[in-house]
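Have a look at final-v7.txt; it's compact mmCIF, C-alpha atoms:
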# COMPACT_ATOMS: atom_id res chain seq x y z
CA MET Y 150 0.00 0.00 0.00
CA ALA Y 151 1.29 3.48 -0.92
CA GLN Y 152 2.72 5.59 1.86
CA ILE Y 153 0.55 8.52 2.94
CA GLU Y 154 1.76 11.94 1.74
CA HIS Y 155 0.99 14.96 3.90
CA THR Y 156 0.06 18.39 2.53
CA ASP Y 157 -1.67 21.49 3.83
CA ILE Y 158 -4.08 21.74 0.90
CA PHE Y 159 -5.26 19.27 -1.72
CA ILE Y 160 -6.98 20.75 -4.79
CA SER Y 161 -9.17 18.44 -6.84
CA GLY Y 162 -9.31 19.88 -10.35
CA GLY Y 163 -6.69 21.42 -12.61
CA GLY Y 164 -8.88 23.65 -14.73
CA ILE Y 165 -8.22 27.38 -14.70
CA ALA Y 166 -9.76 27.93 -11.25
CA GLY Y 167 -7.91 24.97 -9.73
CA LEU Y 168 -4.58 26.07 -11.21
CA ILE Y 169 -5.08 29.64 -9.93
CA ALA Y 170 -5.98 28.25 -6.50
CA ALA Y 171 -2.73 26.24 -6.46
CA ALA Y 172 -0.73 29.35 -7.38
CA ALA Y 173 -2.48 31.55 -4.79
CA PHE Y 174 -2.20 29.15 -1.85
CA GLY Y 175 1.33 28.21 -2.88
CA LYS Y 176 2.36 31.87 -3.01
CA ALA Y 177 0.87 32.28 0.48
CA GLY Y 178 3.29 29.63 1.77
CA PHE Y 179 1.09 26.54 2.04
CA SER Y 180 2.10 23.13 0.71
CA VAL Y 181 -0.28 22.23 -2.13
CA ILE Y 182 -1.02 19.14 -4.22
CA CYS Y 183 -3.31 19.71 -7.22
CA ALA Y 184 -4.58 16.78 -9.30
CA ASP Y 185 -6.71 16.54 -12.42
CA PRO Y 186 -7.62 13.44 -14.47
CA ALA Y 187 -6.85 15.23 -17.76
CA PRO Y 188 -3.56 16.96 -18.57
CA PRO Y 189 -4.16 20.62 -19.56
CA VAL Y 190 -4.36 21.22 -23.31
CA THR Y 191 -1.99 24.17 -23.81
CA ASP Y 192 -1.97 24.58 -27.61
CA ALA Y 193 -4.82 26.31 -29.45
CA ALA Y 194 -4.51 23.94 -32.43
CA ALA Y 195 -4.54 20.73 -30.36
CA GLU Y 196 -7.62 18.54 -30.17
CA GLY Y 197 -9.60 19.31 -27.03
CA SER Y 198 -8.21 22.81 -26.54
CA ASP Y 199 -10.56 25.30 -24.91
CA LEU Y 200 -11.10 28.09 -27.46
CA ARG Y 201 -13.21 30.18 -25.12
CA THR Y 202 -11.72 33.27 -23.56
CA THR Y 203 -11.97 34.74 -20.07
CA ALA Y 204 -12.34 38.42 -19.33
CA PHE Y 205 -10.74 39.04 -15.94
CA LEU Y 206 -12.51 41.99 -14.35
CA GLN Y 207 -10.64 44.47 -12.14
CA PRO Y 208 -10.92 42.58 -8.80
CA SER Y 209 -9.80 39.36 -10.51
CA ARG Y 210 -6.72 41.04 -11.97
CA GLN Y 211 -5.81 42.19 -8.46
CA PHE Y 212 -6.12 38.61 -7.21
CA LEU Y 213 -4.00 37.27 -10.08
CA ASP Y 214 -1.34 39.81 -9.13
CA ARG Y 215 -1.52 38.68 -5.51
CA ALA Y 216 -1.15 35.05 -6.67
CA GLY Y 217 2.05 35.94 -8.55
CA LEU Y 218 0.47 35.32 -11.96
CA TRP Y 219 -0.35 38.69 -13.47
CA ASP Y 220 3.16 39.61 -14.65
CA ARG Y 221 3.20 36.38 -16.62
CA LEU Y 222 -0.28 36.88 -18.11
CA ALA Y 223 -0.20 40.64 -18.79
CA PRO Y 224 1.80 40.46 -22.08
CA HIS Y 225 -0.95 38.25 -23.58
CA ALA Y 226 -3.94 40.20 -22.21
CA MET Y 227 -6.25 42.39 -24.28
CA PRO Y 228 -7.72 45.33 -22.32
CA LEU Y 229 -11.49 45.80 -22.48
CA GLN Y 230 -12.40 49.47 -22.13
CA VAL Y 231 -16.03 49.41 -23.27
CA MET Y 232 -18.84 46.87 -23.00
CA ARG Y 233 -21.35 47.52 -25.79
CA ILE Y 234 -24.81 45.98 -25.63
CA VAL Y 235 -26.68 45.95 -28.91
CA ASP Y 236 -30.33 45.05 -29.42
CA ALA Y 237 -30.95 43.63 -32.88
CA GLY Y 238 -34.33 42.14 -32.03
CA GLY Y 239 -36.37 43.81 -34.76
CA GLU Y 240 -37.90 42.16 -37.80
CA ILE Y 241 -34.47 42.00 -39.46
CA ALA Y 242 -31.03 41.49 -37.89
CA GLU Y 243 -29.81 45.06 -37.67
CA PRO Y 244 -29.00 47.23 -34.63
CA ARG Y 245 -32.03 49.00 -33.14
CA VAL Y 246 -30.31 50.22 -29.98
CA ALA Y 247 -26.66 50.22 -28.90
CA HIS Y 248 -25.40 51.41 -25.52
CA ASP Y 249 -21.78 51.68 -24.39
CA PHE Y 250 -20.83 51.01 -20.78
CA ASN Y 251 -17.43 52.73 -20.56
CA ALA Y 252 -15.07 51.85 -17.72
CA ALA Y 253 -13.93 55.48 -17.66
CA ASP Y 254 -17.27 56.33 -16.01
CA ILE Y 255 -16.25 54.51 -12.82
CA SER Y 256 -12.50 53.86 -12.99
CA GLU Y 257 -9.17 54.84 -14.51
CA LEU Y 258 -8.63 51.19 -15.49
CA PRO Y 259 -10.34 49.07 -18.16
CA PHE Y 260 -13.29 46.85 -17.20
CA GLY Y 261 -11.14 43.82 -17.69
CA TRP Y 262 -8.48 41.99 -19.63
CA ASN Y 263 -9.26 39.15 -22.04
CA LEU Y 264 -7.15 35.99 -22.37
CA PRO Y 265 -7.68 32.69 -24.24
CA ASN Y 266 -8.42 29.78 -21.91
CA TRP Y 267 -5.86 27.44 -23.50
CA LEU Y 268 -3.16 30.09 -22.98
CA LEU Y 269 -4.16 30.56 -19.34
CA ARG Y 270 -3.65 26.84 -18.75
CA ARG Y 271 -0.24 26.96 -20.44
CA GLU Y 272 1.06 29.95 -18.51
CA ILE Y 273 -0.32 29.00 -15.08
CA ALA Y 274 0.89 25.39 -15.34
CA ALA Y 275 4.36 26.70 -16.28
CA HIS Y 276 4.30 28.99 -13.25
CA LEU Y 277 3.32 26.15 -10.91
CA ALA Y 278 6.33 24.15 -12.11
CA GLU Y 279 8.53 26.89 -10.61
CA LEU Y 280 6.95 26.73 -7.12
CA PRO Y 281 8.76 24.28 -4.81
CA ASN Y 282 5.78 23.88 -2.45
CA VAL Y 283 3.23 23.15 -5.22
CA ASP Y 284 2.92 19.69 -6.78
CA PHE Y 285 0.68 19.65 -9.87
CA ARG Y 286 -0.27 16.13 -10.98
CA PRO Y 287 -2.03 16.14 -14.36
CA GLY Y 288 -3.48 12.84 -15.47
CA LYS Y 289 -4.34 11.83 -11.89
CA GLY Y 290 -7.98 11.96 -10.76
CA THR Y 291 -9.57 12.03 -7.32
CA ALA Y 292 -10.71 8.44 -6.74
CA GLN Y 293 -11.80 8.46 -3.08
CA LEU Y 294 -12.30 11.06 -0.37
CA MET Y 295 -12.89 10.52 3.34
CA THR Y 296 -12.95 13.25 5.96
CA ARG Y 297 -12.64 13.27 9.71
CA GLU Y 298 -12.45 16.02 12.29
CA ALA Y 299 -8.66 16.46 12.05
CA GLU Y 300 -7.89 15.74 8.38
CA ALA Y 301 -9.10 14.62 4.96
CA ARG Y 302 -7.79 11.47 3.26
CA VAL Y 303 -7.68 11.40 -0.53
CA SER Y 304 -6.85 8.50 -2.87
CA LEU Y 305 -5.83 9.31 -6.44
CA SER Y 306 -6.38 7.20 -9.54
CA ASP Y 307 -2.70 6.17 -9.57
CA GLY Y 308 -2.94 4.76 -6.03
CA ALA Y 309 -1.34 7.74 -4.26
CA ARG Y 310 -2.73 8.43 -0.77
CA ILE Y 311 -2.79 11.98 0.57
CA SER Y 312 -3.59 13.50 3.95
CA ALA Y 313 -4.65 17.17 3.80
CA LYS Y 314 -5.93 19.75 6.26
CA LEU Y 315 -8.18 21.25 3.57
CA VAL Y 316 -9.61 19.85 0.33
CA ILE Y 317 -10.63 22.42 -2.28
CA GLY Y 318 -13.15 21.05 -4.75
CA ALA Y 319 -12.43 22.85 -8.04
CA ASP Y 320 -13.41 19.85 -10.15
CA GLY Y 321 -16.27 21.16 -12.23
CA ARG Y 322 -20.02 20.95 -12.51
CA THR Y 323 -20.05 17.16 -11.89
CA SER Y 324 -17.60 17.57 -8.98
CA PRO Y 325 -16.41 14.26 -7.44
CA VAL Y 326 -15.59 16.19 -4.24
CA ARG Y 327 -19.10 17.63 -4.01
CA GLU Y 328 -20.55 14.17 -4.62
CA ALA Y 329 -18.29 12.56 -2.00
CA ALA Y 330 -19.35 15.22 0.51
CA GLY Y 331 -23.03 14.47 -0.17
CA ILE Y 332 -23.78 18.08 -1.16
CA ALA Y 333 -26.72 18.41 -3.55
CA ALA Y 334 -26.89 20.95 -6.37
CA THR Y 335 -29.83 22.59 -8.14
CA THR Y 336 -29.52 22.67 -11.95
CA LEU Y 337 -31.48 24.78 -14.45
CA ARG Y 338 -31.37 23.71 -18.09
CA TYR Y 339 -32.14 26.04 -20.98
CA GLY Y 340 -31.93 23.74 -23.99
CA GLN Y 341 -29.08 26.00 -25.15
CA LYS Y 342 -25.56 25.41 -26.34
CA ALA Y 343 -22.72 27.85 -26.97
CA LEU Y 344 -20.44 27.84 -29.98
CA ALA Y 345 -16.96 29.22 -29.24
CA PHE Y 346 -14.48 30.19 -31.95
CA ALA Y 347 -12.32 33.04 -33.26
CA VAL Y 348 -12.95 35.32 -36.22
CA THR Y 349 -11.27 38.10 -38.14
CA HIS Y 350 -13.17 41.13 -39.43
CA PRO Y 351 -12.31 44.25 -41.46
CA ILE Y 352 -13.71 46.80 -38.97
CA PRO Y 353 -11.49 47.14 -35.83
CA HIS Y 354 -12.96 46.22 -32.44
CA GLU Y 355 -11.21 49.18 -30.71
CA ASN Y 356 -11.05 47.20 -27.44
CA VAL Y 357 -14.85 47.08 -27.26
CA SER Y 358 -16.57 43.89 -26.11
CA THR Y 359 -19.86 43.69 -28.04
CA GLU Y 360 -22.90 41.65 -26.94
CA ILE Y 361 -25.59 41.44 -29.64
CA HIS Y 362 -29.08 40.35 -28.60
CA ARG Y 363 -31.68 38.99 -30.98
CA SER Y 364 -33.05 35.56 -30.00
CA GLY Y 365 -31.70 32.22 -28.82
CA GLY Y 366 -29.07 33.93 -26.66
CA PRO Y 367 -26.41 36.63 -27.07
CA PHE Y 368 -23.78 36.72 -29.81
CA THR Y 369 -20.70 38.15 -28.08
CA LEU Y 370 -17.46 39.34 -29.67
CA VAL Y 371 -14.53 39.90 -27.28
CA PRO Y 372 -11.32 41.58 -28.52
CA LEU Y 373 -8.24 39.51 -29.26
CA PRO Y 374 -4.86 40.62 -30.65
CA ASP Y 375 -4.69 40.94 -34.45
CA HIS Y 376 -4.47 37.70 -36.44
CA ASP Y 377 -2.30 37.82 -39.57
CA GLY Y 378 -2.59 41.61 -39.56
CA ARG Y 379 -6.40 41.65 -39.32
CA PRO Y 380 -8.60 42.63 -36.36
CA CYS Y 381 -9.59 39.51 -34.44
CA SER Y 382 -12.24 38.63 -31.84
CA ALA Y 383 -13.26 35.62 -29.79
CA VAL Y 384 -16.94 34.77 -30.28
CA VAL Y 385 -19.41 33.01 -28.02
CA TRP Y 386 -22.66 32.37 -29.91
CA MET Y 387 -25.48 31.00 -27.77
CA GLU Y 388 -28.42 29.30 -29.46
CA ARG Y 389 -31.02 26.67 -28.74
CA GLY Y 390 -29.47 23.22 -28.90
CA PRO Y 391 -30.64 21.97 -32.32
CA GLU Y 392 -29.79 25.29 -33.97
CA ALA Y 393 -26.32 25.31 -32.38
CA GLN Y 394 -25.71 21.78 -33.67
CA ARG Y 395 -26.82 22.81 -37.16
CA LEU Y 396 -24.48 25.80 -37.13
CA ALA Y 397 -21.57 23.72 -35.86
CA ALA Y 398 -21.96 21.35 -38.83
CA LEU Y 399 -22.24 23.99 -41.58
CA PRO Y 400 -19.56 24.25 -44.27
CA GLU Y 401 -17.22 27.12 -43.47
CA GLU Y 402 -18.45 29.49 -46.17
CA ALA Y 403 -22.09 29.06 -45.12
CA PHE Y 404 -21.11 29.47 -41.46
CA ASN Y 405 -19.27 32.72 -42.24
CA ALA Y 406 -22.40 34.05 -43.95
CA GLU Y 407 -24.73 33.09 -41.09
CA MET Y 408 -22.53 34.52 -38.34
CA THR Y 409 -22.03 37.76 -40.29
CA GLU Y 410 -25.81 38.09 -40.50
CA ARG Y 411 -26.20 37.29 -36.76
CA SER Y 412 -23.57 39.92 -35.90
CA ALA Y 413 -25.82 42.55 -37.54
CA HIS Y 414 -22.88 43.31 -39.89
CA LEU Y 415 -21.34 45.52 -37.18
CA PHE Y 416 -17.77 44.46 -38.04
CA GLY Y 417 -18.17 43.70 -41.74
CA PRO Y 418 -17.86 40.14 -43.05
CA LEU Y 419 -16.69 37.72 -40.34
CA THR Y 420 -14.16 35.01 -41.26
CA LEU Y 421 -13.68 31.90 -39.13
CA VAL Y 422 -10.02 31.42 -38.15
CA SER Y 423 -10.27 28.56 -35.62
CA ARG Y 424 -12.08 25.32 -34.92
CA ARG Y 425 -15.67 25.53 -33.71
CA THR Y 426 -16.24 24.10 -30.23
CA ILE Y 427 -19.64 23.57 -28.63
CA TRP Y 428 -20.56 23.72 -24.93
CA PRO Y 429 -23.79 23.00 -23.01
CA ILE Y 430 -25.35 25.93 -21.14
CA ILE Y 431 -26.80 25.48 -17.65
CA SER Y 432 -27.14 27.32 -14.38
CA GLN Y 433 -26.25 25.39 -11.24
CA ILE Y 434 -25.68 26.11 -7.56
CA ALA Y 435 -24.58 23.81 -4.77
CA ASP Y 436 -26.76 23.75 -1.64
CA ARG Y 437 -23.66 24.42 0.44
CA MET Y 438 -20.12 25.52 -0.36
CA GLU Y 439 -18.49 23.63 2.51
CA ALA Y 440 -18.46 20.36 4.39
CA GLU Y 441 -16.08 18.76 6.89
CA ARG Y 442 -12.53 19.70 5.70
CA ILE Y 443 -13.95 20.67 2.26
CA ALA Y 444 -14.49 23.98 0.44
CA LEU Y 445 -16.22 24.06 -2.95
CA VAL Y 446 -15.15 26.74 -5.44
CA ALA Y 447 -15.81 27.65 -9.07
CA GLU Y 448 -18.04 25.30 -11.10
CA ALA Y 449 -18.13 22.74 -8.30
CA ALA Y 450 -20.14 25.41 -6.44
CA HIS Y 451 -21.81 27.44 -9.19
CA VAL Y 452 -22.28 27.51 -12.97
CA VAL Y 453 -23.75 30.39 -14.97
CA PRO Y 454 -24.27 31.05 -18.69
CA PRO Y 455 -21.45 33.08 -20.29
CA ILE Y 456 -23.08 36.52 -19.94
CA GLY Y 457 -21.37 39.56 -18.46
CA ALA Y 458 -18.07 37.76 -17.76
CA GLN Y 459 -19.40 36.50 -14.42
CA GLY Y 460 -18.37 32.83 -14.30
CA LEU Y 461 -14.63 32.72 -13.61
CA ASN Y 462 -14.71 36.10 -11.88
CA MET Y 463 -17.14 34.64 -9.33
CA SER Y 464 -14.71 31.74 -8.95
CA LEU Y 465 -11.80 34.05 -8.18
CA LYS Y 466 -13.95 35.83 -5.58
CA ASP Y 467 -14.45 32.39 -3.96
CA LEU Y 468 -10.69 31.92 -3.85
CA ARG Y 469 -10.02 35.41 -2.50
CA VAL Y 470 -12.52 35.03 0.34
CA LEU Y 471 -11.28 31.53 1.20
CA LEU Y 472 -7.61 32.58 1.13
CA ASP Y 473 -8.29 35.61 3.36
CA LEU Y 474 -10.04 33.37 5.92
CA VAL Y 475 -7.25 30.78 5.83
CA LEU Y 476 -4.53 33.42 6.24
CA ALA Y 477 -6.35 34.70 9.34
CA GLN Y 478 -6.13 31.17 10.82
CA PRO Y 479 -3.16 29.53 9.03
CA ALA Y 480 -2.50 26.79 11.59
CA ASP Y 481 -5.61 24.90 10.45
CA PRO Y 482 -6.90 25.92 6.99
CA GLY Y 483 -9.72 23.37 7.17
CA ALA Y 484 -11.14 24.30 10.57
CA ARG Y 485 -14.91 23.83 10.85
CA GLU Y 486 -15.76 27.43 11.79
CA LEU Y 487 -13.48 28.82 9.07
CA LEU Y 488 -15.30 26.82 6.39
CA ARG Y 489 -18.71 27.78 7.76
CA ALA Y 490 -17.60 31.43 7.58
CA TYR Y 491 -16.60 30.84 3.95
CA HIS Y 492 -20.07 29.49 3.13
CA ARG Y 493 -21.77 32.44 4.85
CA ALA Y 494 -19.55 34.94 3.05
CA ARG Y 495 -20.14 33.52 -0.43
CA HIS Y 496 -23.35 31.52 -0.81
CA ALA Y 497 -25.92 34.34 -0.65
CA GLU Y 498 -23.99 36.50 -3.12
CA VAL Y 499 -23.42 33.54 -5.45
CA LEU Y 500 -27.14 32.73 -5.36
CA ALA Y 501 -27.99 36.35 -6.21
CA ARG Y 502 -25.59 36.36 -9.17
CA VAL Y 503 -26.76 32.98 -10.48
CA THR Y 504 -30.35 34.25 -10.27
CA GLY Y 505 -29.45 37.52 -12.01
CA VAL Y 506 -27.55 35.88 -14.86
CA ASP Y 507 -30.39 33.36 -15.26
CA ALA Y 508 -32.84 36.25 -15.74
CA LEU Y 509 -30.54 37.96 -18.26
CA ASN Y 510 -30.14 34.73 -20.20
CA ARG Y 511 -33.88 34.09 -20.34
CA ALA Y 512 -34.39 37.65 -21.61
CA SER Y 513 -31.71 37.16 -24.26
CA MET Y 514 -33.46 33.99 -25.50
CA ALA Y 515 -36.76 35.77 -26.19
CA GLU Y 516 -38.29 34.76 -29.53
CA ALA Y 517 -41.59 36.67 -29.48
CA GLN Y 518 -41.37 40.19 -30.90
CA GLY Y 519 -43.24 41.69 -27.95
CA LEU Y 520 -40.73 40.23 -25.49
CA ARG Y 521 -37.80 41.43 -27.60
CA ASP Y 522 -39.29 44.94 -27.58
CA MET Y 523 -39.63 44.78 -23.76
CA ARG Y 524 -35.96 43.80 -23.53
CA MET Y 525 -34.97 46.81 -25.62
CA ARG Y 526 -37.03 49.18 -23.44
CA ALA Y 527 -35.45 47.74 -20.28
CA LEU Y 528 -31.95 48.32 -21.70
CA ASN Y 529 -32.86 51.90 -22.58
CA ALA Y 530 -34.24 52.51 -19.09
CA ILE Y 531 -31.09 51.20 -17.37
CA TYR Y 532 -28.78 53.19 -19.59
CA SER Y 533 -30.64 56.49 -19.49
CA VAL Y 534 -30.39 56.96 -15.70
CA THR Y 535 -26.72 57.68 -14.95
CA PRO Y 536 -26.69 56.60 -11.26
CA VAL Y 537 -28.45 53.33 -12.14
CA ARG Y 538 -26.02 52.70 -15.00
CA ARG Y 539 -23.02 53.23 -12.70
CA VAL Y 540 -24.44 50.96 -10.00
CA MET Y 541 -25.02 48.25 -12.61
CA MET Y 542 -21.46 48.63 -13.90
CA ARG Y 543 -19.97 48.39 -10.41
CA ALA Y 544 -22.12 45.36 -9.65
CA GLY Y 545 -20.92 43.77 -12.89
CA LEU Y 546 -17.33 44.23 -11.71
CA GLY Y 547 -18.14 42.48 -8.45
CA ALA Y 548 -17.53 45.71 -6.53
CA THR Y 549 -20.48 45.23 -4.22
CA GLY Y 550 -19.07 42.53 -2.01

Would you mind giving the structure from this file in structure tokens?
Amino acid sequence: MAQIEHTDIFISGGGIAGLIAAAAFGKAGFSVICADPAPPVTDAAAEGSDLRTTAFLQPSRQFLDRAGLWDRLAPHAMPLQVMRIVDAGGEIAEPRVAHDFNAADISELPFGWNLPNWLLRREIAAHLAELPNVDFRPGKGTAQLMTREAEARVSLSDGARISAKLVIGADGRTSPVREAAGIAATTLRYGQKALAFAVTHPIPHENVSTEIHRSGGPFTLVPLPDHDGRPCSAVVWMERGPEAQRLAALPEEAFNAEMTERSAHLFGPLTLVSRRTIWPIISQIADRMEAERIALVAEAAHVVPPIGAQGLNMSLKDLRVLLDLVLAQPADPGARELLRAYHRARHAEVLARVTGVDALNRASMAEAQGLRDMRMRALNAIYSVTPVRRVMMRAGLGATG
């Protein structure tokens, strides 16, 4: 039988949130083992690479800096100065209303900084390899988990046995850690899927993230660096499931034509410059974010549709709150009262954000013309009242908690 290894913190899950957690707790001086059943795909062209992008909002950038990661990521990051919301819900797909939410209204900094997910995995994994107190084990899954008052015992798929003071479940929406802890989760399904890919276009994006609403879900273009000398954007196109599958299977020329039409021609003809990947859309929230010796973070605790850059930014808020609590009581990072304090600090806000993004997504899916007109009037009302607009922008940045 394998000898038991001892560590302060075991992280189940080596996605972006799990890798950032390993960097942050490692930088804070804790011994960390992080395991994931799948090695990270760190090349955009490789099969299985994640072609989505993440916009790190201002508080998340501060946390990445604190975790020792920002200097490594900054050269690859695209600043997002303006979030533009466009309603194209009329009889034909053309802009009826467009409103700009400019970061300059509330801050001297951009709203956020956009990075490709595959590149994040590459850079963060490379950083972890330089930390002597962090042991990242790709290709090793969490097989068994048992907790007791003084420690957690974890068995990995390769037979390794680990004793940890704290287990962080960062292992996704079907979290083995959450399941082992017996924590239930509520899931809302929309019958939607998201296509993620990259495009070039003749009209520059000017560091504006553009969310175009018509029906089925938003069509969002997020700035990327130029590709072969042409302006380039990452696209997330949300549609009802059968329509998303149809679009994913179209020949490239036909796909270019359909996405140009769906973009309301705001950037001229769009040209696909990557693979198309497809992702299911759900909302989900765990009943609790803690159990004995366990903290749930990121998609193990909450999943939202990709609207308003909320998903991974909520996850980094989980990590920031948890790290602050652990640093206040470093002798025992998995103490019962500490983890209960973590749940109290996060769960109500997470529930509010999941509920809010759910409402936004349902509004974006509206098919009936009357509902699309109501959506346009609501956008106009929010934008026209300056104090309301600024409150909404600050809330979007996570500046309310």

Practice problem: Find the residues around Leu472 (chain Y) up to 12 Å (only C-alpha atoms counted), leave out those fewer than 2 positions away in its own chain, and share them as JSON, numbers by chain. | Solution: {"Y": [158, 169, 170, 171, 172, 173, 174, 175, 176, 177, 178, 179, 212, 215, 216, 315, 317, 444, 446, 465, 466, 467, 468, 469, 470, 474, 475, 476, 477, 478, 479, 482, 483, 487, 488, 490, 491]}

Practice problem: Work out how far CA of Ala383 (chain Y) is from CA of Leu415 (chain Y), in Å to one decimal. | Solution: 14.8 Å

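If you look at CA of Arg310 (chain Y) and CA of Gln293 (chain Y), they are 9.4 Å away from each other.
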
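Put simply, CA of Arg270 (chain Y) is 24.2 Å away from CA of Ile443 (chain Y).
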
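Counting only C-alpha atoms, the residue from Y:Pro265, Y:Gly417, Y:Gly318, Y:Gly366 that sits nearest to Thr191 (chain Y) is Y:Pro265.
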
Quiz item: Which of these, Y:His496, Y:Arg201, Y:Arg221, Y:Arg363, has the shortest distance to His451 (chain Y) once you count all atoms listed in the file?
Solution: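 Among the listed residues, Y:His496 lies closest to His451 (chain Y).
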
Each residue of region 400-513 of chain Y lying at most 10 Å from region 332-352 of chain Y should get a row with its shortest atom-to-atom pair and the distance in Å to one decimal, counting only C-alpha atoms; could you produce that, ordered by chain and increasing number, as CSV?
residue,atom,partner,partner_atom,distance
Y:Asn405,CA,Y:Val348,CA,9.1
Y:Met408,CA,Y:Val348,CA,9.8
Y:Thr409,CA,Y:His350,CA,9.5
Y:His414,CA,Y:Ile352,CA,9.9
Y:Leu415,CA,Y:Ile352,CA,7.9
Y:Phe416,CA,Y:Ile352,CA,4.8
Y:Gly417,CA,Y:Pro351,CA,5.9
Y:Pro418,CA,Y:His350,CA,6.0
Y:Leu419,CA,Y:His350,CA,5.0
Y:Thr420,CA,Y:Val348,CA,5.2
Y:Leu421,CA,Y:Val348,CA,4.5
Y:Val422,CA,Y:Val348,CA,5.2
Y:Ser423,CA,Y:Ala347,CA,5.5
Y:Arg424,CA,Y:Phe346,CA,6.2
Y:Arg425,CA,Y:Phe346,CA,5.1
Y:Thr426,CA,Y:Ala345,CA,5.3
Y:Ile427,CA,Y:Leu344,CA,4.5
Y:Trp428,CA,Y:Ala343,CA,5.1
Y:Pro429,CA,Y:Lys342,CA,4.5
Y:Ile430,CA,Y:Lys342,CA,5.2
Y:Ile431,CA,Y:Arg338,CA,4.9
Y:Ser432,CA,Y:Leu337,CA,5.0
Y:Gln433,CA,Y:Thr336,CA,4.3
Y:Ile434,CA,Y:Ala334,CA,5.4
Y:Ala435,CA,Y:Ala334,CA,4.0
Y:Asp436,CA,Y:Ala334,CA,5.5
Y:Arg437,CA,Y:Ile332,CA,6.5
Y:Met438,CA,Y:Ile332,CA,8.3
Y:Glu439,CA,Y:Ile332,CA,8.5
Y:Ala440,CA,Y:Ile332,CA,8.0
Y:Leu445,CA,Y:Ile332,CA,9.8
Y:Ala449,CA,Y:Ala334,CA,9.1
Y:Ala450,CA,Y:Ala334,CA,8.1
Y:His451,CA,Y:Ala334,CA,8.7
Y:Val452,CA,Y:Thr336,CA,8.8
Y:Val453,CA,Y:Leu337,CA,9.6
Y:Pro454,CA,Y:Ala343,CA,9.0
Y:Pro455,CA,Y:Ala343,CA,8.6
Y:Asp507,CA,Y:Leu337,CA,8.7
Y:Asn510,CA,Y:Tyr339,CA,9.0
Y:Arg511,CA,Y:Tyr339,CA,8.3

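The shortest atom-to-atom distance to Gly365 (chain Y), with all atoms listed in the file taken into account, belongs to Y:Trp386 out of Y:Trp386, Y:Phe285, Y:Phe159, Y:Trp219.
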
Quiz item: Pick the closest to Ala447 (chain Y) from Y:Val190, Y:Ala480, Y:Leu168, Y:Leu222: which is it, counting all atoms listed in the file?
Solution: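 Closest to Ala447 (chain Y), using all atoms listed in the file: Y:Leu168.
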
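Nearest to Asn266 (chain Y) of all the residues Y:Thr203, Y:Thr323, Y:Ser306, Y:Thr359 is Y:Thr203, counting all atoms listed in the file.
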
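Ranking Y:Ala247, Y:Ala204, Y:Leu396, Y:Ala313 by their shortest atom-to-atom distance to Phe260 (chain Y), with all atoms listed in the file included, puts Y:Ala204 first.
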
As lines of an AutoDock Vina configuration file, what would the box around region 285-304 of chain Y look like: edges along x, y and z, 6 Å added on every side, centre and edge lengths in Å to one decimal?
center_x = -6.1
center_y = 14.0
center_z = -1.6
size_x = 25.6
size_y = 23.2
size_z = 39.8
